[in-house]
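Structure file input.txt (compact mmCIF, C-alpha atoms) follows.
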# COMPACT_ATOMS: atom_id res chain seq x y z
CA LYS A 1 18.33 11.82 59.79
CA MET A 2 18.59 13.97 56.68
CA ALA A 3 18.41 10.84 54.53
CA GLU A 4 15.31 9.69 56.39
CA SER A 5 13.77 13.14 56.10
CA HIS A 6 14.53 13.26 52.37
CA LYS A 7 13.03 9.78 51.91
CA ALA A 8 9.90 10.82 53.79
CA SER A 9 9.64 13.94 51.65
CA LEU A 10 9.82 11.89 48.45
CA LEU A 11 7.20 9.50 49.74
CA ASP A 12 4.95 12.41 50.68
CA LYS A 13 5.27 13.87 47.19
CA LEU A 14 4.57 10.52 45.57
CA ARG A 15 1.57 10.01 47.86
CA GLU A 16 0.18 13.45 47.02
CA LYS A 17 0.63 12.93 43.30
CA SER A 18 -0.92 9.47 43.44
CA GLU A 19 -3.92 10.71 45.42
CA ALA A 20 -4.39 13.66 43.06
CA LEU A 21 -4.36 11.42 40.00
CA ARG A 22 -6.72 8.95 41.66
CA ALA A 23 -9.13 11.75 42.53
CA GLN A 24 -8.88 13.14 38.98
CA ASP A 25 -9.64 9.72 37.51
CA GLN A 26 -12.63 9.22 39.81
CA ALA A 27 -13.96 12.69 39.01
CA ALA A 28 -13.74 11.96 35.27
CA ARG A 29 -15.80 8.82 35.66
CA LYS A 30 -19.56 9.02 35.74
CA PRO A 31 -21.65 7.51 38.51
CA VAL A 32 -21.91 3.77 37.96
CA GLU A 33 -25.58 3.67 36.99
CA ASP A 34 -25.21 6.55 34.50
CA ALA A 35 -22.11 4.95 32.98
CA LEU A 36 -23.87 1.61 32.54
CA LYS A 37 -26.81 3.24 30.79
CA ASP A 38 -24.57 5.35 28.52
CA ILE A 39 -22.49 2.36 27.41
CA ASP A 40 -25.60 0.24 26.88
CA ARG A 41 -27.21 2.97 24.74
CA THR A 42 -24.00 3.33 22.72
CA LEU A 43 -23.91 -0.40 22.00
CA TRP A 44 -27.58 -0.48 20.97
CA ARG A 45 -26.99 2.41 18.56
CA ALA A 46 -23.99 0.56 17.13
CA PHE A 47 -26.06 -2.62 16.74
CA ARG A 48 -28.83 -0.86 14.81
CA TRP A 49 -26.34 1.02 12.60
CA LEU A 50 -24.38 -2.13 11.77
CA ASP A 51 -27.54 -4.13 11.09
CA GLU A 52 -28.73 -1.59 8.53
CA ALA A 53 -25.27 -1.20 6.96
CA LEU A 54 -24.95 -4.96 6.46
CA GLY A 55 -28.30 -5.03 4.64
CA HIS A 56 -27.06 -2.42 2.16
CA LEU A 57 -23.69 -4.13 1.69
CA GLU A 58 -25.35 -7.48 0.90
CA VAL A 59 -27.21 -5.79 -1.97
CA ILE A 60 -24.22 -3.81 -3.28
CA ARG A 61 -21.56 -6.52 -2.69
CA PRO A 62 -18.63 -4.11 -3.05
CA SER A 63 -15.05 -5.12 -3.74
CA ILE A 64 -12.76 -4.98 -0.72
CA GLY A 65 -9.64 -2.85 -1.18
CA HIS A 66 -7.37 -5.13 0.84
CA VAL A 67 -4.81 -7.72 -0.16
CA PHE A 68 -4.75 -10.65 2.27
CA ARG A 69 -1.35 -12.32 2.44
CA LEU A 70 -0.87 -15.49 4.45
CA HIS A 71 2.89 -15.29 4.96
CA ASN A 72 4.51 -16.76 1.82
CA VAL A 73 1.76 -19.35 1.40
CA LEU A 74 -0.96 -17.56 -0.59
CA THR A 75 -2.44 -14.16 -1.47
CA ILE A 76 -6.08 -13.18 -1.91
CA GLU A 77 -6.52 -9.91 -3.79
CA LYS A 78 -9.60 -7.68 -3.82
CA PRO A 79 -12.22 -10.09 -2.51
CA LYS A 80 -15.91 -9.12 -2.59
CA PHE A 81 -18.34 -8.69 0.27
CA ASP A 82 -20.62 -11.71 0.42
CA ARG A 83 -22.89 -11.60 3.46
CA GLY A 84 -22.98 -10.93 7.18
CA PHE A 85 -25.05 -10.56 10.31
CA VAL A 86 -24.83 -8.86 13.69
CA THR A 87 -25.79 -10.34 17.03
CA PHE A 88 -25.72 -9.43 20.72
CA ARG A 89 -25.83 -10.95 24.18
CA ARG A 90 -27.40 -9.45 27.30
CA ARG A 91 -26.70 -9.94 30.99
CA ALA A 92 -27.85 -8.66 34.36
CA LEU A 93 -25.61 -6.17 36.17
CA ALA A 94 -26.37 -3.81 39.05
CA GLY A 95 -30.07 -4.62 38.81
CA MET A 96 -30.24 -3.78 35.08
CA GLU A 97 -30.37 -5.78 31.85
CA ILE A 98 -27.47 -4.52 29.75
CA LEU A 99 -25.55 -5.66 26.70
CA GLU A 100 -22.64 -7.97 27.37
CA HIS A 101 -21.32 -7.56 23.83
CA VAL A 102 -22.27 -6.84 20.23
CA GLU A 103 -20.61 -8.89 17.51
CA LEU A 104 -20.56 -8.50 13.77
CA PHE A 105 -19.74 -11.43 11.50
CA TYR A 106 -19.22 -11.00 7.79
CA ARG A 107 -17.75 -13.00 4.95
CA ILE A 108 -15.78 -11.90 1.91
CA GLU A 109 -14.87 -14.06 -1.10
CA GLY A 110 -12.01 -14.18 -3.57
CA ASN A 111 -12.52 -14.87 -7.25
CA GLU A 112 -11.80 -18.60 -7.32
CA PRO A 113 -10.35 -21.38 -5.16
CA ILE A 114 -6.58 -21.72 -4.88
CA VAL A 115 -4.70 -25.01 -5.17
CA LEU A 116 -1.33 -25.12 -3.41
CA ARG A 117 1.13 -27.75 -4.63
CA VAL A 118 3.79 -28.42 -2.00
CA SER A 119 6.37 -31.05 -1.15
CA PRO A 120 5.13 -33.65 1.37
CA ALA A 121 7.89 -32.60 3.76
CA SER A 122 6.53 -29.02 3.96
CA ALA A 123 2.83 -29.99 4.18
CA ALA A 124 2.66 -29.87 7.99
CA GLY A 125 4.02 -26.30 8.10
CA ILE A 126 1.64 -25.13 5.36
CA GLU A 127 -1.32 -26.73 7.15
CA GLU A 128 -0.41 -24.95 10.38
CA ARG A 129 -0.50 -21.60 8.56
CA LEU A 130 -3.83 -22.40 6.92
CA ARG A 131 -5.41 -23.57 10.17
CA GLY A 132 -4.63 -20.26 11.85
CA SER A 133 -6.24 -18.26 9.03
CA THR A 134 -9.75 -19.86 9.31
CA LEU A 135 -9.69 -20.54 5.54
CA VAL A 136 -11.46 -23.76 4.53
CA TYR A 137 -9.05 -26.24 2.95
CA GLN A 138 -8.43 -29.92 2.27
CA TYR A 139 -5.26 -31.91 1.97
CA GLN A 140 -4.65 -34.49 -0.73
CA THR A 141 -1.64 -36.37 -1.99
CA GLU A 142 -0.57 -36.99 -5.56
CA GLN A 143 1.20 -40.27 -6.33
CA ASP A 144 3.21 -41.45 -9.30
CA GLU A 145 2.72 -44.75 -11.15
CA LYS A 146 4.64 -46.57 -8.39
CA ARG A 147 2.31 -45.12 -5.75
CA VAL A 148 5.05 -42.99 -4.28
CA VAL A 149 3.77 -39.65 -2.89
CA ARG A 150 5.28 -36.93 -5.01
CA ASP A 151 3.26 -33.83 -4.06
CA GLY A 152 0.85 -32.58 -1.44
CA LEU A 153 -2.16 -30.60 -2.67
CA PHE A 154 -4.12 -28.06 -0.65
CA PRO A 155 -7.35 -26.93 -2.38
CA VAL A 156 -8.23 -23.73 -0.48
CA GLN A 157 -11.55 -21.88 -0.56
CA THR A 158 -10.91 -18.12 -0.74
CA ALA A 159 -13.78 -17.18 1.58
CA ILE A 160 -12.62 -15.16 4.60
CA SER A 161 -14.74 -14.93 7.76
CA ALA A 162 -14.18 -11.71 9.67
CA PRO A 163 -15.74 -10.97 13.09
CA VAL A 164 -15.76 -7.60 14.84
CA ARG A 165 -16.61 -7.68 18.56
CA PHE A 166 -17.67 -4.69 20.65
CA GLN A 167 -16.85 -5.63 24.24
CA PRO A 168 -17.76 -3.12 26.97
CA ASP A 169 -15.67 -2.80 30.11
CA TYR A 170 -18.22 -1.29 32.46
CA HIS A 171 -15.68 -0.86 35.25
CA ARG A 172 -13.18 1.10 33.13
CA GLN A 173 -16.03 2.77 31.20
CA VAL A 174 -14.58 1.96 27.78
CA ILE A 175 -15.55 -0.22 24.81
CA GLU A 176 -12.92 -2.49 23.28
CA VAL A 177 -13.37 -3.26 19.59
CA THR A 178 -11.56 -6.39 18.42
CA LEU A 179 -11.24 -7.02 14.68
CA ARG A 180 -10.16 -10.31 13.18
CA ASN A 181 -9.27 -10.86 9.51
CA VAL A 182 -10.44 -7.35 8.66
CA ASP A 183 -7.38 -6.21 6.72
CA ARG A 184 -4.95 -9.05 7.50
CA PHE A 185 -4.96 -12.60 8.82
CA GLU A 186 -4.73 -11.69 12.51
CA SER A 187 -6.57 -9.96 15.36
CA VAL A 188 -6.19 -6.30 16.24
CA SER A 189 -7.79 -4.17 18.93
CA LEU A 190 -8.95 -0.58 19.55
CA VAL A 191 -10.33 1.01 22.72
CA PHE A 192 -13.01 3.73 22.63
CA PRO A 193 -14.55 5.92 25.31
CA PRO A 194 -18.33 5.44 24.87
CA ASP A 195 -18.89 8.99 23.58
CA LYS A 196 -16.31 8.41 20.81
CA LEU A 197 -17.98 5.30 19.43
CA ASN A 198 -20.45 7.40 17.45
CA GLU A 199 -21.77 7.22 13.90
CA ALA A 200 -18.61 8.84 12.51
CA ALA A 201 -16.47 6.17 14.18
CA LEU A 202 -18.73 3.39 12.84
CA GLU A 203 -18.45 4.87 9.36
CA ASP A 204 -14.66 4.93 9.72
CA LEU A 205 -14.80 1.31 10.81
CA ARG A 206 -16.79 0.49 7.68
CA LYS A 207 -14.10 2.21 5.61
CA VAL A 208 -11.44 0.10 7.30
CA THR A 209 -13.28 -3.14 6.54
CA MET A 210 -13.90 -2.10 2.93
CA GLY A 211 -10.33 -0.87 2.43
CA GLU A 212 -11.46 2.65 1.58
CA PRO A 213 -9.10 5.63 2.04
CA ARG A 214 -9.46 8.60 4.38
CA GLY A 215 -10.97 6.63 7.25
CA LEU A 216 -9.87 7.92 10.64
CA LEU A 217 -9.07 4.40 11.85
CA ARG A 218 -6.72 3.88 8.91
CA ARG A 219 -4.48 6.50 10.52
CA VAL A 220 -4.55 4.66 13.85
CA PRO A 221 -1.98 1.87 14.27
CA LEU A 222 -3.88 -1.35 14.84
CA ALA A 223 -1.91 -3.32 17.39
CA PRO A 224 -1.81 -7.12 16.98
CA ILE A 225 -3.14 -9.12 19.90
CA SER A 226 -0.22 -11.39 20.67
CA GLY A 227 -0.76 -14.76 22.23
CA SER A 228 -4.55 -14.54 22.06
CA ARG A 229 -6.75 -17.51 21.34
CA ASP A 230 -9.66 -16.73 19.08
CA ASP A 231 -13.02 -18.29 19.82
CA PRO A 232 -14.62 -20.42 17.11
CA MET A 233 -16.74 -18.42 14.71
CA PRO A 234 -20.30 -19.41 13.77
CA ALA A 235 -20.90 -20.79 10.29
CA MET A 236 -21.78 -18.16 7.73

Structure re-expressed in structure tokens:
Amino acid sequence: KMAESHKASLLDKLREKSEALRAQDQAARKPVEDALKDIDRTLWRAFRWLDEALGHLEVIRPSIGHVFRLHNVLTIEKPKFDRGFVTFRRRALAGMEILEHVELFYRIEGNEPIVLRVSPASAAGIEERLRGSTLVYQYQTEQDEKRVVRDGLFPVQTAISAPVRFQPDYHRQVIEVTLRNVDRFESVSLVFPPDKLNEAALEDLRKVTMGEPRGLLRRVPLAPISGSRDDPMPAM
């Protein structure tokens, strides 16, 4: 009986703690309609800020302070901002028209194309790496006078397409920001409460994309998204 009483006591304590945390979480959340409007307003402000920032960057065309390394295949150092645009999609939810997502696409360019000369046996592995990077490339073979394939050639364009998606989770009342090819050839993700995705955060995000120091987000570990499948990006 003591064991049963002790077990019941533990369950009671767990139940109380669980209910307290659940109540605390619910109290911290805003009413649904208010939360939807707040997140929607935050995304619209981000859209307008990004749209103006891209216009300035297209005129300035700054150098990007990142070095993009694709494993041991190639390296692109200090590319320049080329061009970009920002778009959005809307949807109906709870009787309101709200933003489903905001997405920024921009392109940066290296100084000149790269030609990789590889052995034919390693060409398939190199192509797999290139395909995952979204870099534009071709594959050619080089033959000797007896028409025997001696080398594989990969001419690679050093233009990098980098999308940044702002995806609201209206149920959890957060905004997930997913960055691809921003400072490396992979996707990373950050989660913001709506009130934290303000102009200061957007400016820090700009610093991250440009490779500038002292950005708040540069002090935040950007976690890779493992096993994710990236959607195709629109042509720039």

Determine, counting only C-alpha atoms, which protein, DNA and RNA residues have an atom within 7 Å of an atom of A:Ile64; residues of the same chain fewer than 5 positions away are not included. Present the result as a list in words.
-> Lys78, Pro79, Lys80, Phe81, Met210 and Gly211 of chain A

Based on the selection just made, write C-alpha atoms of those residues as a PDB file, keeping the file's coordinate frame.
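Final output, saved to selection.pdb:
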ATOM      1  CA  LYS A  78      -9.600  -7.680  -3.820  1.00  0.00           C
ATOM      2  CA  PRO A  79     -12.220 -10.090  -2.510  1.00  0.00           C
ATOM      3  CA  LYS A  80     -15.910  -9.120  -2.590  1.00  0.00           C
ATOM      4  CA  PHE A  81     -18.340  -8.690   0.270  1.00  0.00           C
ATOM      5  CA  MET A 210     -13.900  -2.100   2.930  1.00  0.00           C
ATOM      6  CA  GLY A 211     -10.330  -0.870   2.430  1.00  0.00           C
TER       7      GLY A 211
END

Nearest to A:Asp151: which of A:Thr42, A:Arg165, A:Glu186, A:Val115 is it, counting all atoms listed in the file?
->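 Of A:Thr42, A:Arg165, A:Glu186, A:Val115, the one nearest A:Asp151, counting all atoms listed in the file, is A:Val115.
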
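For the set A:Val182, A:Val208, A:Val164, A:Ile126, the residue with the smallest atom-to-atom gap to A:Asn72 is A:Ile126, counting all atoms listed in the file.
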
Between A:Pro168, A:Pro213, A:Pro120, A:Pro31, single out the one closest to A:Pro194, counting only C-alpha atoms.
->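 Ranking A:Pro168, A:Pro213, A:Pro120, A:Pro31 by distance to A:Pro194, first place goes to A:Pro168.
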
Name the residues within 8 Å of (-6.3, -8.7, -4.0), counting all atoms listed in the file in the file's coordinates, and put them as a list in words.
-> Gly65, His66, Val67, Phe68, Thr75, Ile76, Glu77, Lys78, Pro79 and Gly110 of chain A

Nearest to A:Ala35 by atom-to-atom distance, counting all atoms listed in the file, from A:Leu205, A:Ile98, A:Val73, A:Ala162 | A:Ile98

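Nearest to A:Asp38 of all the residues A:Leu74, A:Ile175, A:Val136, A:Ala201 is A:Ile175, counting all atoms listed in the file.
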
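Every residue within 10 Å of the file position (-13.0, -17.6, -9.0), judged by only C-alpha atoms, is given as A:Pro79, A:Glu109, A:Gly110, A:Asn111, A:Glu112, A:Pro113, A:Ile114, A:Gln157, A:Thr158.
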
Hey, which of A:Arg107, A:Val191, A:Arg117, A:Arg180 ends up closest to A:Pro155? Count all atoms listed in the file.
->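 Smallest separation from A:Pro155 among the options: A:Arg117.
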